[in-house]
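One structure below.
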Amino acid sequence: MDSYLITYPAFALNFLTLFLYVKNRIDAKIAYESKDVDPFYFKTYSGEAPHYLETSRQTLKNQFELPVLFYFYILLLMNFQNISILELILCWLFSISRYIHAYIRLSSNYVPYRAMVFTFGFFIICILSIDILIRLSI
């Protein structure tokens, strides 16, 4: 399978991050205009903020934790001439898990479901890292 196919799940995750930037900006504007937050909050991002703004910010910050490893693995996989169907499926599963995680975080924020989805994504990254290690050692 051509290695460029591995970029599609990466771009899907990138679009989620871009969407969350926009959502966070809109939430910040709403909080500022409705005076739900002290304007000085935006200077250091410390102090009291409405729950919806904190949730939005945390969801965006989550995209720069575990997904960083994912993007690194994507770069490694792109160096191979061919990728396996397993690698492509793992990448799509991880990308989809991040969408589900963000949805849960922004809606019900029910921690057991969110933790379950995070753990699933974490194990996907672990399997992907083992797969890449094996491919690099061959």
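Within each chain, counting starts at residue 1; across the structure tokens, chains are named A, B, ... in the order shown, with ligands numbered 1 upward in that order.
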
Could you give me, as a PyMOL selection string, the residues within 8 Å of stretch 41-56 of chain A, counting only C-alpha atoms and dropping anything in the same chain fewer than 6 positions from it?
-> chain A and resi 20+23-24+27-28+31+105-106

Stretch 51-76 of chain A near stretch 9-18 of chain A within 7 Å: what's each residue's closest atom pair and its distance in Å to one decimal, counting only C-alpha atoms, ordered by chain then ascending residue number, as a Markdown table?
```
| residue | atom | partner | partner_atom | distance |
| --- | --- | --- | --- | --- |
| A:Leu60 | CA | A:Thr17 | CA | 6.7 |
| A:Gln63 | CA | A:Thr17 | CA | 6.4 |
| A:Tyr71 | CA | A:Ala10 | CA | 6.8 |
```

Would you mind listing what lies within 8 Å of A:Ile100 as a PyMOL selection string, with only C-alpha atoms counted and same-chain residues fewer than 4 positions away left out?
-> chain A and resi 96+104+117

Please, which residues of stretch 2-138 of chain A, numbered as in this document, come out alpha helix (DSSP H) from DSSP, as a PyMOL selection string?
-> chain A and resi 7-33+41-44+51-62+66-78+85-106+111-137

Pick out the closest residue to A:Tyr103 from this set: A:Ser129, A:Thr59, A:Ser3, A:Ser137. Count only C-alpha atoms.
->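 For A:Tyr103, the nearest of the given residues is A:Thr59.
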